[in-house]
Amino acid sequence: MALTSGLTACKPPAGIQERIGQALRAMPGETLCGDQIGWWMCPDRWRLALADGLGHGAEAHVASATAMRQIAGDDDEAPLAELFARCDRALLDTRGVALSVVDILPAESVIVQAAVGNIRTLLIQGSGTKRLGGARGIVGAGFDGLRPERLPIAPGDWLLLFSDGLPENADLAEALGDVWPSDALAERLLNDWACDHDDAGLLLYRHA
Ligand SMILES: [Mn+2]
């Protein structure tokens, strides 16, 4: 396994900012957010990730930040199942996280998605909204049944990754319209939908 090849490959992107919007908000009364967002431009793909550290506060923040560090330093060409296995080991001494990772392969017009725990990943297309699946468990405390899924993506499609600090049935698709993502849009959606009893995180991506 080429554990070292990705150590410098997943640099912060310079080209897809205009397709991404993100917002994080700590639970009211907390200073640190237990949800964390990351995205990277790799040679053949863009990788998006959202981690929700269990609970809230400093320990949740440590767990989600550890997950982001592991993904940032990992092999960006390894299958997602291996990435999740290494995250699980890296998070053993933390509270653990729910985690969603989506790889966008622009040359193939395909996404590969995997998730563990209570976290939401939506693919919104002209034909409707798909709620992408996840395995049961906690990254950092073991999980079962992880099956990365390959799905086609077309120009104009949206990907939304969000934590359970937003209701599962939040009508986010209705608010998107024919615009490009921005942090301001993500923040507006968080303001409209985030609950007061947990951290909240939302990552928007629109395919071009
Ligand atoms: Mn949460």
# chains A, B, ... in the order shown; residues from 1 in each chain; ligands from 1
>>> residues_around(residues="Asn191 (chain A)", least_positions_apart="5", cutoff="12 Å", atoms="only C-alpha atoms", output="list of chain:residue names")
A:Ala23, A:Leu24, A:Arg25, A:Ala26, A:Gly165, A:Leu166, A:Leu172, A:Ala184, A:Leu185, A:Ala186, A:Asp196, A:Ala200, A:Gly201, A:Leu202
>>> write_last_selection(atoms="C-alpha atoms", output="short mmCIF file (atom, residue, chain, number, x, y, z; two decimals), in the first residue's frame")
data_model
loop_
_atom_site.label_atom_id
_atom_site.label_comp_id
_atom_site.auth_asym_id
_atom_site.auth_seq_id
_atom_site.Cartn_x
_atom_site.Cartn_y
_atom_site.Cartn_z
CA ALA A 23 -20.30 26.73 6.56
CA LEU A 24 -19.65 25.53 10.11
CA ARG A 25 -21.30 26.67 13.31
CA ALA A 26 -20.53 25.50 16.82
CA GLY A 165 -27.03 19.56 13.26
CA LEU A 166 -29.46 20.11 10.38
CA LEU A 172 -32.25 22.38 1.21
CA ALA A 184 -22.59 32.96 1.90
CA LEU A 185 -25.20 30.55 0.52
CA ALA A 186 -24.02 27.77 2.85
CA ASP A 196 -29.54 24.71 18.72
CA ALA A 200 -23.76 22.15 12.38
CA GLY A 201 -21.79 21.78 9.18
CA LEU A 202 -22.74 22.00 5.51
#
>>> residues_near_ligand(ligand="ligand 1", cutoff="10 Å", atoms="only C-alpha atoms and all ligand atoms", output="MDAnalysis selection string")
chainID A and resid 27 33:35 51:56 60 97:98 118:119 162:166 197:201
>>> write_last_selection(atoms="N, CA and C atoms", output="mmCIF file, in the first residue's frame")
data_model
loop_
_atom_site.group_PDB
_atom_site.id
_atom_site.type_symbol
_atom_site.label_atom_id
_atom_site.label_comp_id
_atom_site.auth_asym_id
_atom_site.auth_seq_id
_atom_site.Cartn_x
_atom_site.Cartn_y
_atom_site.Cartn_z
ATOM 1 N N MET A 27 -22.192 24.601 18.281
ATOM 2 C CA MET A 27 -23.415 24.658 19.071
ATOM 3 C C MET A 27 -23.419 25.928 19.905
ATOM 4 N N CYS A 33 -15.983 24.022 17.191
ATOM 5 C CA CYS A 33 -16.988 23.264 16.438
ATOM 6 C C CYS A 33 -16.539 21.817 16.280
ATOM 7 N N GLY A 34 -17.405 20.898 16.604
ATOM 8 C CA GLY A 34 -17.100 19.469 16.467
ATOM 9 C C GLY A 34 -17.336 18.935 15.064
ATOM 10 N N ASP A 35 -17.914 19.746 14.197
ATOM 11 C CA ASP A 35 -18.017 19.380 12.781
ATOM 12 C C ASP A 35 -16.842 20.031 12.052
ATOM 13 N N ALA A 51 -16.810 15.710 8.586
ATOM 14 C CA ALA A 51 -16.748 14.860 9.778
ATOM 15 C C ALA A 51 -17.529 15.522 10.904
ATOM 16 N N ASP A 52 -18.266 14.708 11.637
ATOM 17 C CA ASP A 52 -19.044 15.163 12.790
ATOM 18 C C ASP A 52 -18.526 14.404 14.006
ATOM 19 N N GLY A 53 -17.725 15.087 14.827
ATOM 20 C CA GLY A 53 -17.232 14.470 16.056
ATOM 21 C C GLY A 53 -18.377 14.199 17.015
ATOM 22 N N LEU A 54 -18.337 13.031 17.663
ATOM 23 C CA LEU A 54 -19.450 12.675 18.542
ATOM 24 C C LEU A 54 -19.610 13.704 19.648
ATOM 25 N N GLY A 55 -20.855 14.041 19.916
ATOM 26 C CA GLY A 55 -21.143 15.055 20.924
ATOM 27 C C GLY A 55 -20.807 16.431 20.384
ATOM 28 N N HIS A 56 -20.250 17.261 21.273
ATOM 29 C CA HIS A 56 -19.870 18.609 20.854
ATOM 30 C C HIS A 56 -18.754 19.084 21.774
ATOM 31 N N ALA A 60 -15.034 16.698 20.666
ATOM 32 C CA ALA A 60 -15.612 16.461 19.341
ATOM 33 C C ALA A 60 -14.755 17.140 18.275
ATOM 34 N N VAL A 97 -15.938 9.839 14.997
ATOM 35 C CA VAL A 97 -16.731 10.735 14.147
ATOM 36 C C VAL A 97 -17.685 9.935 13.269
ATOM 37 N N ALA A 98 -18.730 10.614 12.835
ATOM 38 C CA ALA A 98 -19.459 10.223 11.623
ATOM 39 C C ALA A 98 -18.747 10.930 10.475
ATOM 40 N N ASN A 118 -24.013 8.674 11.437
ATOM 41 C CA ASN A 118 -25.171 9.536 11.223
ATOM 42 C C ASN A 118 -24.731 10.841 10.560
ATOM 43 N N ILE A 119 -24.731 10.826 9.251
ATOM 44 C CA ILE A 119 -24.285 11.979 8.469
ATOM 45 C C ILE A 119 -24.996 11.904 7.125
ATOM 46 N N PHE A 162 -23.904 17.165 4.934
ATOM 47 C CA PHE A 162 -24.229 17.926 6.134
ATOM 48 C C PHE A 162 -24.389 17.017 7.330
ATOM 49 N N SER A 163 -24.203 17.625 8.492
ATOM 50 C CA SER A 163 -24.239 16.867 9.743
ATOM 51 C C SER A 163 -25.652 16.826 10.288
ATOM 52 N N ASP A 164 -25.816 16.083 11.380
ATOM 53 C CA ASP A 164 -27.143 15.985 11.987
ATOM 54 C C ASP A 164 -27.473 17.219 12.828
ATOM 55 N N GLY A 165 -26.641 18.270 12.721
ATOM 56 C CA GLY A 165 -27.035 19.562 13.261
ATOM 57 C C GLY A 165 -28.065 20.262 12.387
ATOM 58 N N LEU A 166 -28.344 19.660 11.216
ATOM 59 C CA LEU A 166 -29.461 20.108 10.376
ATOM 60 C C LEU A 166 -30.442 18.942 10.302
ATOM 61 N N HIS A 197 -29.059 22.424 19.424
ATOM 62 C CA HIS A 197 -28.531 21.446 20.379
ATOM 63 C C HIS A 197 -27.369 20.627 19.822
ATOM 64 N N ASP A 198 -26.742 21.108 18.757
ATOM 65 C CA ASP A 198 -25.576 20.394 18.222
ATOM 66 C C ASP A 198 -24.795 21.368 17.336
ATOM 67 N N ASP A 199 -23.552 20.980 17.044
ATOM 68 C CA ASP A 199 -22.795 21.681 16.011
ATOM 69 C C ASP A 199 -23.477 21.446 14.664
ATOM 70 N N ALA A 200 -23.177 22.321 13.713
ATOM 71 C CA ALA A 200 -23.763 22.145 12.385
ATOM 72 C C ALA A 200 -22.702 22.417 11.328
ATOM 73 N N GLY A 201 -22.719 21.615 10.288
ATOM 74 C CA GLY A 201 -21.788 21.780 9.176
ATOM 75 C C GLY A 201 -22.450 21.433 7.865
#
>>> closest_residue(among="A:Val101, A:Ala58, A:Ile124, A:Ile111", to="Ala72 (chain A)", atoms="only C-alpha atoms")
A:Val101
>>> residues_around(residues="Leu160 (chain A)", least_positions_apart="5", cutoff="12 Å", atoms="only C-alpha atoms", output="number ranges by chain")
A: 19-23, 37, 48-50, 100-102, 113, 119-125, 129-132, 166, 168, 170-173, 176, 181, 186, 189, 201-207
>>> residues_around(residues="Thr94 (chain A)", least_positions_apart="2", cutoff="7 Å", atoms="only C-alpha atoms", output="PyMOL selection string")
chain A and resi 63+91-92+96+140
>>> write_last_selection(atoms="N, CA and C atoms", output="PDB file, in the first residue's frame")
ATOM      1  N   ALA A  63     -11.619  15.141  17.557  1.00  0.00           N
ATOM      2  CA  ALA A  63     -11.904  13.954  16.734  1.00  0.00           C
ATOM      3  C   ALA A  63     -12.071  14.340  15.261  1.00  0.00           C
ATOM      4  N   LEU A  91      -8.220   7.434  14.695  1.00  0.00           N
ATOM      5  CA  LEU A  91      -9.167   8.053  15.625  1.00  0.00           C
ATOM      6  C   LEU A  91      -9.436   7.202  16.859  1.00  0.00           C
ATOM      7  N   LEU A  92      -8.674   6.114  17.012  1.00  0.00           N
ATOM      8  CA  LEU A  92      -8.923   5.188  18.123  1.00  0.00           C
ATOM      9  C   LEU A  92      -8.926   5.879  19.480  1.00  0.00           C
ATOM     10  N   GLY A  96     -14.281   9.680  18.227  1.00  0.00           N
ATOM     11  CA  GLY A  96     -14.776   9.156  16.965  1.00  0.00           C
ATOM     12  C   GLY A  96     -15.676  10.146  16.250  1.00  0.00           C
ATOM     13  N   GLY A 140     -13.376   5.390  14.269  1.00  0.00           N
ATOM     14  CA  GLY A 140     -12.638   5.507  15.525  1.00  0.00           C
ATOM     15  C   GLY A 140     -13.079   4.468  16.539  1.00  0.00           C
TER      16      GLY A 140
END
>>> closest_residue(among="A:Gly142, A:Pro43, A:Gly57, A:Pro28", to="Arg89 (chain A)", atoms="only C-alpha atoms")
A:Gly142
>>> closest_residue(among="A:Arg147, A:Arg45, A:Arg86, A:Arg69", to="Ala135 (chain A)", atoms="only C-alpha atoms")
A:Arg147
>>> closest_residue(among="A:Pro79, A:Gly38, A:Pro167, A:Gly126", to="Pro148 (chain A)", atoms="only C-alpha atoms")
A:Pro79
>>> closest_residue(among="A:Phe143, A:Trp46, A:Trp40, A:Trp193", to="Val110 (chain A)", atoms="only C-alpha atoms")
A:Trp46
>>> select_by_dssp(residues="chain A", states="strand (DSSP E or B)", output="JSON, numbers by chain")
{"A": [11, 20, 21, 22, 23, 24, 25, 35, 36, 37, 38, 39, 40, 41, 46, 47, 48, 49, 50, 51, 52, 53, 97, 98, 99, 100, 101, 102, 103, 104, 105, 110, 111, 112, 113, 114, 115, 116, 120, 121, 122, 123, 124, 125, 128, 129, 130, 131, 135, 136, 137, 138, 139, 142, 143, 144, 149, 150, 151, 152, 158, 159, 160, 161, 162, 200, 201, 202, 203, 204, 205, 206]}
>>> closest_residue(among="A:Gly133, A:Gly29, A:Gly145, A:Gly128", to="Phe84 (chain A)", atoms="only C-alpha atoms")
A:Gly145
>>> select_by_dssp(residues="chain A", states="helix (DSSP H, G or I)", output="compact mmCIF listing (two decimals) with all heavy atoms, in the first residue's frame")
# COMPACT_ATOMS: atom_id res chain seq x y z
N GLN A 17 -12.88 26.60 -6.18
CA GLN A 17 -13.54 27.43 -5.16
C GLN A 17 -14.93 27.86 -5.60
O GLN A 17 -15.84 27.96 -4.79
CB GLN A 17 -12.71 28.67 -4.84
CG GLN A 17 -11.54 28.42 -3.93
CD GLN A 17 -10.28 28.08 -4.70
OE1 GLN A 17 -10.35 27.69 -5.87
NE2 GLN A 17 -9.14 28.19 -4.06
N GLU A 18 -15.05 28.15 -6.88
CA GLU A 18 -16.33 28.67 -7.35
C GLU A 18 -17.42 27.60 -7.43
O GLU A 18 -18.55 27.90 -7.74
CB GLU A 18 -16.15 29.36 -8.72
CG GLU A 18 -15.74 28.44 -9.84
CD GLU A 18 -14.22 28.21 -9.91
OE1 GLU A 18 -13.49 28.59 -8.98
OE2 GLU A 18 -13.79 27.65 -10.91
N ARG A 19 -17.05 26.34 -7.17
CA ARG A 19 -18.06 25.28 -7.17
C ARG A 19 -18.36 24.78 -5.76
O ARG A 19 -19.07 23.80 -5.58
CB ARG A 19 -17.57 24.09 -7.97
CG ARG A 19 -17.26 24.43 -9.40
CD ARG A 19 -16.88 23.19 -10.17
NE ARG A 19 -16.15 23.54 -11.38
CZ ARG A 19 -15.65 22.66 -12.20
NH1 ARG A 19 -15.79 21.38 -11.96
NH2 ARG A 19 -15.00 23.04 -13.28
N ALA A 58 -14.81 20.55 22.81
CA ALA A 58 -13.40 20.37 22.47
C ALA A 58 -13.08 18.96 22.01
O ALA A 58 -12.33 18.77 21.05
CB ALA A 58 -12.53 20.76 23.67
N GLU A 59 -13.64 17.95 22.69
CA GLU A 59 -13.28 16.58 22.31
C GLU A 59 -13.87 16.19 20.95
O GLU A 59 -13.25 15.44 20.19
CB GLU A 59 -13.73 15.60 23.39
CG GLU A 59 -12.88 15.71 24.65
CD GLU A 59 -13.32 14.70 25.71
OE1 GLU A 59 -13.48 13.52 25.36
OE2 GLU A 59 -13.51 15.11 26.86
N ALA A 60 -15.03 16.70 20.67
CA ALA A 60 -15.61 16.46 19.34
C ALA A 60 -14.76 17.14 18.28
O ALA A 60 -14.52 16.59 17.19
CB ALA A 60 -17.05 16.99 19.29
N HIS A 61 -14.27 18.34 18.60
CA HIS A 61 -13.42 19.07 17.66
C HIS A 61 -12.12 18.32 17.40
O HIS A 61 -11.68 18.20 16.25
CB HIS A 61 -13.13 20.46 18.22
CG HIS A 61 -12.20 21.26 17.37
ND1 HIS A 61 -12.62 21.94 16.24
CD2 HIS A 61 -10.87 21.47 17.46
CE1 HIS A 61 -11.57 22.52 15.68
NE2 HIS A 61 -10.51 22.26 16.40
N VAL A 62 -11.50 17.79 18.46
CA VAL A 62 -10.26 17.02 18.29
C VAL A 62 -10.51 15.83 17.36
O VAL A 62 -9.71 15.53 16.46
CB VAL A 62 -9.72 16.55 19.66
CG1 VAL A 62 -8.65 15.47 19.48
CG2 VAL A 62 -9.16 17.74 20.43
N ALA A 63 -11.62 15.14 17.56
CA ALA A 63 -11.90 13.95 16.73
C ALA A 63 -12.07 14.34 15.26
O ALA A 63 -11.47 13.72 14.37
CB ALA A 63 -13.16 13.26 17.25
N SER A 64 -12.85 15.36 14.99
CA SER A 64 -13.10 15.71 13.58
C SER A 64 -11.85 16.32 12.94
O SER A 64 -11.57 16.07 11.76
CB SER A 64 -14.31 16.64 13.44
OG SER A 64 -14.15 17.79 14.22
N ALA A 65 -11.09 17.08 13.72
CA ALA A 65 -9.85 17.64 13.18
C ALA A 65 -8.84 16.54 12.88
O ALA A 65 -8.09 16.61 11.90
CB ALA A 65 -9.27 18.67 14.15
N THR A 66 -8.80 15.50 13.73
CA THR A 66 -7.91 14.37 13.48
C THR A 66 -8.31 13.65 12.19
O THR A 66 -7.46 13.24 11.39
CB THR A 66 -7.94 13.39 14.67
OG1 THR A 66 -7.57 14.10 15.85
CG2 THR A 66 -6.97 12.24 14.46
N ALA A 67 -9.61 13.51 11.97
CA ALA A 67 -10.07 12.88 10.72
C ALA A 67 -9.62 13.69 9.51
O ALA A 67 -9.13 13.13 8.51
CB ALA A 67 -11.59 12.76 10.74
N MET A 68 -9.75 15.01 9.58
CA MET A 68 -9.35 15.85 8.44
C MET A 68 -7.85 15.75 8.20
O MET A 68 -7.39 15.72 7.05
CB MET A 68 -9.76 17.30 8.69
CG MET A 68 -11.23 17.54 8.61
SD MET A 68 -11.93 17.09 7.00
CE MET A 68 -13.46 16.33 7.53
N ARG A 69 -7.07 15.72 9.28
CA ARG A 69 -5.61 15.59 9.12
C ARG A 69 -5.26 14.26 8.47
O ARG A 69 -4.36 14.19 7.62
CB ARG A 69 -4.91 15.72 10.47
CG ARG A 69 -4.44 17.13 10.79
CD ARG A 69 -3.33 17.13 11.83
NE ARG A 69 -3.68 16.34 13.00
CZ ARG A 69 -4.47 16.77 13.99
NH1 ARG A 69 -4.99 17.97 13.95
NH2 ARG A 69 -4.73 15.99 15.02
N GLN A 70 -5.94 13.20 8.88
CA GLN A 70 -5.66 11.89 8.30
C GLN A 70 -5.98 11.88 6.80
O GLN A 70 -5.20 11.41 5.99
CB GLN A 70 -6.47 10.80 9.01
CG GLN A 70 -6.29 9.41 8.43
CD GLN A 70 -4.86 8.90 8.54
OE1 GLN A 70 -4.17 9.17 9.53
NE2 GLN A 70 -4.40 8.18 7.52
N ILE A 71 -7.11 12.43 6.43
CA ILE A 71 -7.50 12.45 5.02
C ILE A 71 -6.53 13.32 4.22
O ILE A 71 -6.09 12.93 3.13
CB ILE A 71 -8.94 12.96 4.86
CG1 ILE A 71 -9.92 12.02 5.55
CG2 ILE A 71 -9.30 13.10 3.38
CD1 ILE A 71 -11.33 12.59 5.70
N ALA A 72 -6.16 14.45 4.77
CA ALA A 72 -5.25 15.36 4.06
C ALA A 72 -3.91 14.70 3.78
O ALA A 72 -3.29 14.94 2.74
CB ALA A 72 -5.05 16.64 4.87
N GLY A 73 -3.45 13.86 4.70
CA GLY A 73 -2.14 13.23 4.55
C GLY A 73 -2.19 11.85 3.94
O GLY A 73 -1.16 11.21 3.79
N LEU A 80 -11.60 4.26 -1.18
CA LEU A 80 -12.16 4.90 0.00
C LEU A 80 -12.26 3.94 1.18
O LEU A 80 -12.13 4.36 2.33
CB LEU A 80 -13.54 5.48 -0.32
CG LEU A 80 -13.55 6.75 -1.18
CD1 LEU A 80 -14.96 7.28 -1.33
CD2 LEU A 80 -12.65 7.83 -0.59
N ALA A 81 -12.48 2.66 0.91
CA ALA A 81 -12.57 1.71 2.02
C ALA A 81 -11.26 1.69 2.82
O ALA A 81 -11.27 1.57 4.05
CB ALA A 81 -12.91 0.31 1.51
N GLU A 82 -10.13 1.80 2.12
CA GLU A 82 -8.84 1.83 2.82
C GLU A 82 -8.67 3.13 3.58
O GLU A 82 -8.14 3.16 4.70
CB GLU A 82 -7.69 1.65 1.83
CG GLU A 82 -7.65 0.28 1.20
CD GLU A 82 -6.50 0.14 0.18
OE1 GLU A 82 -5.60 1.01 0.18
OE2 GLU A 82 -6.55 -0.82 -0.60
N LEU A 83 -9.10 4.23 2.97
CA LEU A 83 -9.04 5.52 3.66
C LEU A 83 -9.83 5.48 4.96
O LEU A 83 -9.35 5.93 6.01
CB LEU A 83 -9.59 6.62 2.73
CG LEU A 83 -9.70 8.00 3.35
CD1 LEU A 83 -8.32 8.60 3.57
CD2 LEU A 83 -10.54 8.93 2.48
N PHE A 84 -11.03 4.92 4.89
CA PHE A 84 -11.86 4.84 6.11
C PHE A 84 -11.20 3.94 7.15
O PHE A 84 -11.27 4.22 8.35
CB PHE A 84 -13.27 4.36 5.77
CG PHE A 84 -14.20 5.47 5.39
CD1 PHE A 84 -14.08 6.10 4.16
CD2 PHE A 84 -15.19 5.90 6.26
CE1 PHE A 84 -14.94 7.14 3.80
CE2 PHE A 84 -16.05 6.94 5.91
CZ PHE A 84 -15.92 7.56 4.68
N ALA A 85 -10.58 2.85 6.72
CA ALA A 85 -9.92 1.96 7.68
C ALA A 85 -8.77 2.68 8.38
O ALA A 85 -8.56 2.53 9.59
CB ALA A 85 -9.42 0.70 6.96
N ARG A 86 -8.03 3.49 7.62
CA ARG A 86 -6.92 4.21 8.25
C ARG A 86 -7.44 5.33 9.16
O ARG A 86 -6.86 5.60 10.21
CB ARG A 86 -5.97 4.75 7.19
CG ARG A 86 -5.10 3.64 6.59
CD ARG A 86 -3.94 4.22 5.80
NE ARG A 86 -4.39 4.81 4.55
CZ ARG A 86 -4.54 4.15 3.40
NH1 ARG A 86 -4.26 2.87 3.35
NH2 ARG A 86 -4.94 4.77 2.32
N CYS A 87 -8.53 5.98 8.76
CA CYS A 87 -9.14 6.98 9.65
C CYS A 87 -9.59 6.31 10.95
O CYS A 87 -9.42 6.87 12.04
CB CYS A 87 -10.33 7.64 8.97
SG CYS A 87 -9.88 8.89 7.74
N ASP A 88 -10.17 5.13 10.84
CA ASP A 88 -10.65 4.41 12.03
C ASP A 88 -9.49 4.19 13.02
O ASP A 88 -9.63 4.44 14.21
CB ASP A 88 -11.26 3.08 11.59
CG ASP A 88 -12.10 2.44 12.68
OD1 ASP A 88 -12.96 3.12 13.27
OD2 ASP A 88 -11.89 1.24 12.95
N ARG A 89 -8.35 3.79 12.47
CA ARG A 89 -7.19 3.58 13.36
C ARG A 89 -6.66 4.89 13.92
O ARG A 89 -6.31 4.97 15.11
CB ARG A 89 -6.08 2.84 12.60
CG ARG A 89 -6.44 1.39 12.28
CD ARG A 89 -5.23 0.57 11.89
NE ARG A 89 -4.67 0.93 10.61
CZ ARG A 89 -5.12 0.46 9.44
NH1 ARG A 89 -6.14 -0.37 9.40
NH2 ARG A 89 -4.55 0.83 8.31
N ALA A 90 -6.62 5.92 13.08
CA ALA A 90 -6.09 7.22 13.54
C ALA A 90 -6.96 7.83 14.63
O ALA A 90 -6.48 8.66 15.42
CB ALA A 90 -5.98 8.18 12.36
N LEU A 172 -33.36 21.58 1.71
CA LEU A 172 -32.25 22.38 1.21
C LEU A 172 -32.31 22.51 -0.31
O LEU A 172 -31.96 23.56 -0.86
CB LEU A 172 -30.92 21.74 1.63
CG LEU A 172 -30.72 21.60 3.15
CD1 LEU A 172 -29.54 20.71 3.47
CD2 LEU A 172 -30.54 22.96 3.78
N ALA A 173 -32.76 21.46 -0.99
CA ALA A 173 -32.80 21.49 -2.46
C ALA A 173 -33.66 22.64 -2.94
O ALA A 173 -33.33 23.30 -3.93
CB ALA A 173 -33.33 20.15 -2.99
N GLU A 174 -34.73 22.88 -2.24
CA GLU A 174 -35.68 23.92 -2.65
C GLU A 174 -35.01 25.29 -2.65
O GLU A 174 -35.36 26.16 -3.42
CB GLU A 174 -36.87 23.89 -1.69
CG GLU A 174 -38.15 24.46 -2.25
CD GLU A 174 -38.31 25.92 -1.88
OE1 GLU A 174 -37.79 26.31 -0.81
OE2 GLU A 174 -38.92 26.65 -2.66
N ALA A 175 -34.02 25.47 -1.76
CA ALA A 175 -33.38 26.78 -1.59
C ALA A 175 -32.22 27.01 -2.55
O ALA A 175 -31.65 28.10 -2.58
CB ALA A 175 -32.90 26.92 -0.15
N LEU A 176 -31.84 26.00 -3.33
CA LEU A 176 -30.60 26.12 -4.11
C LEU A 176 -30.81 26.90 -5.41
O LEU A 176 -30.15 27.89 -5.65
CB LEU A 176 -30.03 24.73 -4.39
CG LEU A 176 -29.58 23.98 -3.13
CD1 LEU A 176 -29.12 22.57 -3.48
CD2 LEU A 176 -28.46 24.74 -2.42
N ASP A 183 -19.82 30.42 0.10
CA ASP A 183 -19.89 30.31 1.56
C ASP A 183 -21.11 31.06 2.09
O ASP A 183 -21.74 30.63 3.05
CB ASP A 183 -18.61 30.86 2.20
CG ASP A 183 -17.40 29.99 1.89
OD1 ASP A 183 -17.57 28.89 1.32
OD2 ASP A 183 -16.27 30.41 2.23
N ALA A 184 -21.43 32.18 1.44
CA ALA A 184 -22.59 32.96 1.90
C ALA A 184 -23.88 32.14 1.79
O ALA A 184 -24.74 32.17 2.67
CB ALA A 184 -22.71 34.26 1.11
N LEU A 185 -24.01 31.39 0.69
CA LEU A 185 -25.20 30.55 0.52
C LEU A 185 -25.22 29.46 1.60
O LEU A 185 -26.27 29.20 2.21
CB LEU A 185 -25.21 29.93 -0.88
CG LEU A 185 -26.32 28.92 -1.17
CD1 LEU A 185 -27.70 29.56 -1.01
CD2 LEU A 185 -26.17 28.33 -2.58
N ALA A 186 -24.07 28.82 1.83
CA ALA A 186 -24.02 27.77 2.85
C ALA A 186 -24.36 28.34 4.23
O ALA A 186 -25.08 27.72 5.01
CB ALA A 186 -22.64 27.11 2.85
N GLU A 187 -23.85 29.53 4.51
CA GLU A 187 -24.13 30.15 5.81
C GLU A 187 -25.61 30.50 5.96
O GLU A 187 -26.20 30.33 7.02
CB GLU A 187 -23.25 31.39 6.00
CG GLU A 187 -21.85 31.03 6.47
CD GLU A 187 -20.81 32.09 6.14
OE1 GLU A 187 -21.19 33.26 5.93
OE2 GLU A 187 -19.62 31.73 6.08
N ARG A 188 -26.21 30.96 4.86
CA ARG A 188 -27.64 31.29 4.91
C ARG A 188 -28.46 30.03 5.19
O ARG A 188 -29.38 30.03 6.02
CB ARG A 188 -28.07 31.92 3.59
CG ARG A 188 -29.52 32.36 3.58
CD ARG A 188 -29.78 33.37 2.49
NE ARG A 188 -29.58 32.87 1.13
CZ ARG A 188 -30.45 32.04 0.51
NH1 ARG A 188 -31.53 31.61 1.12
NH2 ARG A 188 -30.20 31.64 -0.72
N LEU A 189 -28.08 28.92 4.53
CA LEU A 189 -28.81 27.67 4.77
C LEU A 189 -28.63 27.19 6.21
O LEU A 189 -29.57 26.70 6.84
CB LEU A 189 -28.36 26.60 3.77
CG LEU A 189 -28.76 26.87 2.32
CD1 LEU A 189 -28.05 25.91 1.38
CD2 LEU A 189 -30.27 26.75 2.15
N LEU A 190 -27.40 27.33 6.74
CA LEU A 190 -27.19 26.94 8.15
C LEU A 190 -28.03 27.80 9.08
O LEU A 190 -28.64 27.29 10.02
CB LEU A 190 -25.72 27.11 8.53
CG LEU A 190 -24.77 25.94 8.45
CD1 LEU A 190 -23.57 26.18 9.34
CD2 LEU A 190 -25.40 24.62 8.78
N ASN A 191 -28.05 29.11 8.81
CA ASN A 191 -28.85 30.00 9.66
C ASN A 191 -30.31 29.59 9.63
O ASN A 191 -31.01 29.65 10.65
CB ASN A 191 -28.72 31.46 9.19
CG ASN A 191 -27.42 32.07 9.66
OD1 ASN A 191 -26.84 31.61 10.64
ND2 ASN A 191 -26.95 33.07 8.94
N ASP A 192 -30.78 29.18 8.45
CA ASP A 192 -32.19 28.82 8.33
C ASP A 192 -32.51 27.49 8.99
O ASP A 192 -33.62 27.29 9.48
CB ASP A 192 -32.59 28.74 6.84
CG ASP A 192 -32.66 30.11 6.18
OD1 ASP A 192 -32.60 31.12 6.91
OD2 ASP A 192 -32.75 30.16 4.94
N TRP A 193 -31.55 26.55 9.00
CA TRP A 193 -31.90 25.17 9.34
C TRP A 193 -31.19 24.60 10.57
O TRP A 193 -31.66 23.60 11.12
CB TRP A 193 -31.59 24.26 8.14
CG TRP A 193 -32.54 24.45 7.02
CD1 TRP A 193 -32.32 25.15 5.87
CD2 TRP A 193 -33.88 23.94 6.91
NE1 TRP A 193 -33.43 25.11 5.06
CE2 TRP A 193 -34.40 24.37 5.68
CE3 TRP A 193 -34.68 23.17 7.75
CZ2 TRP A 193 -35.69 24.06 5.26
CZ3 TRP A 193 -35.97 22.85 7.33
CH2 TRP A 193 -36.46 23.30 6.10
>>> atom_distance(atom1="CA of Val116 (chain A)", atom2="CA of Gly137 (chain A)")
6.1 Å
